[in-house]
2 protein chains.
Amino acid sequence: MRIAIYGYGNLGRGVECAVKQNPDVELIGVFTRRAPETIKTLTGIPAFSANDVLNYKDQIDALIICGGSATDLPKMTPTLAESFNVVDSFDAHANIPAHFDKVDAAAQKSGHIALISAGWDPGMFSLNRLYASAILPNGKDYTFWGRGVSQGHSDAIRRVPGVADARQYTVPIESALEAVRSGACPELATRQKHLRECYVVAEKGADLNAIETAIKTMPNYFADYDTTVAFISQEELNKNHAELPHGGFVIRSGKTGLNNEHNHTIEYKLTLDSNPEFTSCALIAFARAIVRMHNRGVVGCKTVFDVAPADLSILSPEELRAHML
Amino acid sequence: MRIAIYGYGNLGRGVECAVKQNPDVELIGVFTRRAPETIKTLTGIPAFSANDVLNYKDQIDALIICGGSATDLPKMTPTLAESFNVVDSFDAHANIPAHFDKVDAAAQKSGHIALISAGWDPGMFSLNRLYASAILPNGKDYTFWGRGVSQGHSDAIRRVPGVADARQYTVPIESALEAVRSGACPELATRQKHLRECYVVAEKGADLNAIETAIKTMPNYFADYDTTVAFISQEELNKNHAELPHGGFVIRSGKTGLNNEHNHTIEYKLTLDSNPEFTSCALIAFARAIVRMHNRGVVGCKTVFDVAPADLSILSPEELRAHML
């Protein structure tokens with residue numbers, strides 16, 4: 001299976017590293033909007049200009065699009081699905097139906113297959129919400145995120161006047177997790193589920209109280225949460241907060257029995273040292289699946305919900321049944 | 001979707017109760033090898049003789065076979081797949097490939113679809129082993145069972161001379177779970193993963209020391225484990241150990257990054273008040289999926305690995321993408 005990476009940021013580098021762990025995957029190269037001669041790839045694979053991607057049509061079984069969900073993917077994925085089988089990690093949940101429709105139209109027309117929104121949420125968390133709700137229909141599910149870095153919230157802090165740099169951690173509240181695990185199906189307000197922990201580097205002479213107030217009262221991002229703000233030096237931020245860990249929990253509890261006398265709890269937990277590298281690994285597994293599906297004649301836009309799990313594995317169906325079932 | 005239950009024990013009763021939670025499922029009745037007039041069903045659905053099942057061929061979209069894996073299912077599933085779409089919970093892991101081949105031959109010949117080994121292990125645990133290993137190929141996975149009742153081990157104790165009744169709990173060892181979660185990928189001996197806790201009712205005048213020794217030294221079942229034996233009265237057993245709770249953990253940890261510098265842990269945990277009722281719920285979800293797949297022309301034997309998750313849900317693909325992705 002020959003793949004290429006389109007977009008060479010954290011996610012693209014993650015795919016590049018993950019290819020080494022997948023012996024059935026060959027990486028043709030990286031396509032970048034920057035000048036390719038300025039790119040030094042981690043593993044020495046070639047970098048090409050994004051403008052030339054169509055020249056490589058016949059050499060690529062699946063193109064892994066590593067762009068941002070805000071502005072890159074809504075354009076890139078439908079356009080590239082006109083010429084390639086593609087996978088993306090589109091994660092703007094509310095816009096998934098519109099993104100799906102645009103990508104599906106392009107892929108149906110060109111006879112390609114596209115898989116959108118692979119990763120962990122959307123992705124593995126979505127799968128766990130679906131499986132758990134299908135098995136325990138009389139129940140309720142909860143998603144918790146963290147402890148991990150929210151890049152969107154970190155960016156929002158950086159836009160506050162007087163802030164030089166910042167890192168925000170989303171932290172699930174242990175008592176809420178315990179209430180959910182107990183099967184009590186609690187109603188939880190936003191503030192009861194997560195804390196927001198902010199590490200802020202202030203510009204010299206900035207008004208720290210004003211910064212703290214601006215963060216804690218910021219609508220949508222922080223106002224509905226209990227938020228802590230700690231001012232630290234740039235050195236400390238660089239030293240202790242350079243990584244991008246994340247993770248979280250999907251928990252569903254539900255009742256069964258003639259009179260709902262039995263409770264069941266399904267919990268899926270991710271603890272990730274590197275959010276982009278885990279997402280990259282998921283992108284490769286789903287790229288494998290869509291190449292196989294396309295070889296069987298499947299076209300159009302798909303999501304993780306449409307992929308039979310066996311298609312994700314390098315193992316044969318016989319090996320899977322013998323060793324993993 | 002019209003289903004019927006074949007075999008009316010704990011599992012069959014679980015399916016009967018779970019149908020009420022699935023508004024798209026209609027339960028035609030229960031087929032039993034006992035005299036049907038002696039069966040009083042929990043919800044008043046009719047009981048029919050297993051001998052008459054072929055008369056109902058046109059009224060049943062999927063037959064859920066609720067038999068034991070040792071002797072019932074190896075005969076029942078291939079035979080019934082000659083005339084019905086069928087689902088079973090065959091759980092003798094080592095014999096799955098042979099069972100698959102027999103069921104596949106019957107279903108391919110008759111043009112039906114059969115799904116074997118639905119439930120939680122095999123079933124949801126298998127799916128989690130597959131997903132986790134496909135995403136983190138450079139890693140190792142571990143399955144722990146319990147705390148829960150092992151019916152096979154309880155039966156083995158009951159066969160010891162002087163034992164009137166018994167209940168055995170399989171208990172995962174917390175320190176082993178922690179070592180696995182840490183990403184250390186430990187090598188764990190059988191004794192390091194699980195304890196076996198036995199509650200035994202002795203016959204009057206029996207030699208308790210002899211019973212305890214017979215249990216603790218029993219090959220395959222107990223000799224390789226740290227085992228505790230507590231003698232209790234029949235009343236206490238009936239009062240405190242009448243339920244069939246179970247569950248467990250599938251945990252995989254793996255490394256990513258250019259130099260394997262990042263660790264990731266995926267943990268799936270089930271806490272089940274009723275082992276048979278949870279399995280029943282899974283059987284219904286997979287029955288829904290195979291009816292849909294058969295309507296699209298799919299025939300032959302399948303496992304949970306072959307089912308696209310969307311087929312398990314009562315929700316439409318559009319609803320799933322909008323609300324669950």
# chains A, B, ... in the order shown; residues from 1 in each chain; ligands from 1
$ interface_residues --of "chain A" --to "chain B" --cutoff "7 Å" --atoms "only C-alpha atoms" --output "number ranges by chain"
A: 14, 17-18, 21, 96-97, 122, 126, 129-131, 134-138, 256-258, 262-274, 277, 281-282, 285, 305-310, 312-313, 321-322, 324-325
$ residues_around --residues "region 191-207 of chain A" --least-positions-apart "5" --cutoff "7 Å" --atoms "only C-alpha atoms" --output "MDAnalysis selection string"
chainID A and resid 162:173 176 224:234
$ atom_distance --atom1 "CA of Ile211 (chain A)" --atom2 "CA of His153 (chain A)"
14.5 Å
$ atom_distance --atom1 "CA of His112 (chain A)" --atom2 "CA of Asn85 (chain A)"
5.2 Å
$ closest_residue --among "B:Ala4, B:Leu244, B:Ala210, B:Ala105" --to "Lys57 (chain B)" --atoms "only C-alpha atoms"
B:Ala4
$ closest_residue --among "B:Met1, B:Gly148, B:Ala106, B:Pro23" --to "Ala62 (chain B)" --atoms "only C-alpha atoms"
B:Met1
$ atom_distance --atom1 "CA of Glu174 (chain A)" --atom2 "CA of Arg147 (chain A)"
10.9 Å
$ closest_residue --among "B:Gly67, B:Pro36, B:Gly29, B:Pro186" --to "Asn10 (chain B)" --atoms "only C-alpha atoms"
B:Gly67
$ select_by_dssp --residues "region 27-128 of chain B" --states "strand (DSSP E or B)" --output "ChimeraX atom specification"
/B:27-32,47-49,62-65,86-87,113-115,120,123
$ select_by_dssp --residues "region 72-300 of chain B" --states "alpha helix (DSSP H)" --output "number ranges by chain"
B: 72-80, 96-110, 124-135, 151-158, 174-181, 190-193, 208-216, 234-240, 275-295
$ residues_around --residues "Lys102 (chain A)" --least-positions-apart "4" --cutoff "12 Å" --atoms "only C-alpha atoms" --output "number ranges by chain"
A: 73-82, 95-98, 106-109, 114, 116, 300-302
$ decode --residues "region 248-262 of chain B" --atoms "N, CA, C and O atoms" --output "tab-separated table (two decimals), in the first residue's frame"
chain	number	residue	atom	x	y	z
B	248	GLY	N	-14.13	-7.08	33.10
B	248	GLY	CA	-12.69	-7.19	32.92
B	248	GLY	C	-12.13	-6.02	32.15
B	248	GLY	O	-12.81	-4.98	31.98
B	249	PHE	N	-10.90	-6.22	31.68
B	249	PHE	CA	-10.13	-5.14	31.07
B	249	PHE	C	-9.39	-5.66	29.84
B	249	PHE	O	-8.81	-6.74	29.89
B	250	VAL	N	-9.39	-4.87	28.78
B	250	VAL	CA	-8.42	-5.05	27.69
B	250	VAL	C	-7.56	-3.80	27.68
B	250	VAL	O	-8.08	-2.68	27.55
B	251	ILE	N	-6.27	-3.97	27.87
B	251	ILE	CA	-5.37	-2.82	27.92
B	251	ILE	C	-4.24	-3.04	26.92
B	251	ILE	O	-3.62	-4.11	26.92
B	252	ARG	N	-4.01	-2.07	26.06
B	252	ARG	CA	-2.84	-2.14	25.19
B	252	ARG	C	-2.01	-0.88	25.39
B	252	ARG	O	-2.56	0.23	25.42
B	253	SER	N	-0.72	-1.04	25.52
B	253	SER	CA	0.13	0.14	25.50
B	253	SER	C	1.11	-0.01	24.36
B	253	SER	O	1.48	-1.13	23.97
B	254	GLY	N	1.46	1.12	23.77
B	254	GLY	CA	2.35	1.11	22.62
B	254	GLY	C	3.12	2.40	22.52
B	254	GLY	O	2.73	3.41	23.10
B	255	LYS	N	4.19	2.35	21.76
B	255	LYS	CA	5.09	3.50	21.62
B	255	LYS	C	4.98	4.10	20.22
B	255	LYS	O	4.79	3.36	19.25
B	256	THR	N	5.14	5.41	20.14
B	256	THR	CA	5.21	6.08	18.84
B	256	THR	C	6.33	7.11	18.88
B	256	THR	O	6.93	7.35	19.93
B	257	GLY	N	6.56	7.75	17.74
B	257	GLY	CA	7.57	8.80	17.65
B	257	GLY	C	8.80	8.29	16.92
B	257	GLY	O	8.98	7.09	16.72
B	258	LEU	N	9.64	9.22	16.55
B	258	LEU	CA	10.82	8.88	15.75
B	258	LEU	C	11.69	7.86	16.48
B	258	LEU	O	12.25	6.95	15.87
B	259	ASN	N	11.80	8.01	17.80
B	259	ASN	CA	12.63	7.09	18.60
B	259	ASN	C	11.81	6.41	19.68
B	259	ASN	O	12.30	6.15	20.77
B	260	ASN	N	10.54	6.16	19.39
B	260	ASN	CA	9.64	5.51	20.36
B	260	ASN	C	9.59	6.25	21.69
B	260	ASN	O	9.53	5.65	22.76
B	261	GLU	N	9.62	7.57	21.61
B	261	GLU	CA	9.71	8.38	22.84
B	261	GLU	C	8.36	8.64	23.48
B	261	GLU	O	8.30	9.13	24.61
B	262	HIS	N	7.26	8.32	22.81
B	262	HIS	CA	5.95	8.58	23.38
B	262	HIS	C	5.20	7.29	23.65
B	262	HIS	O	5.17	6.39	22.80
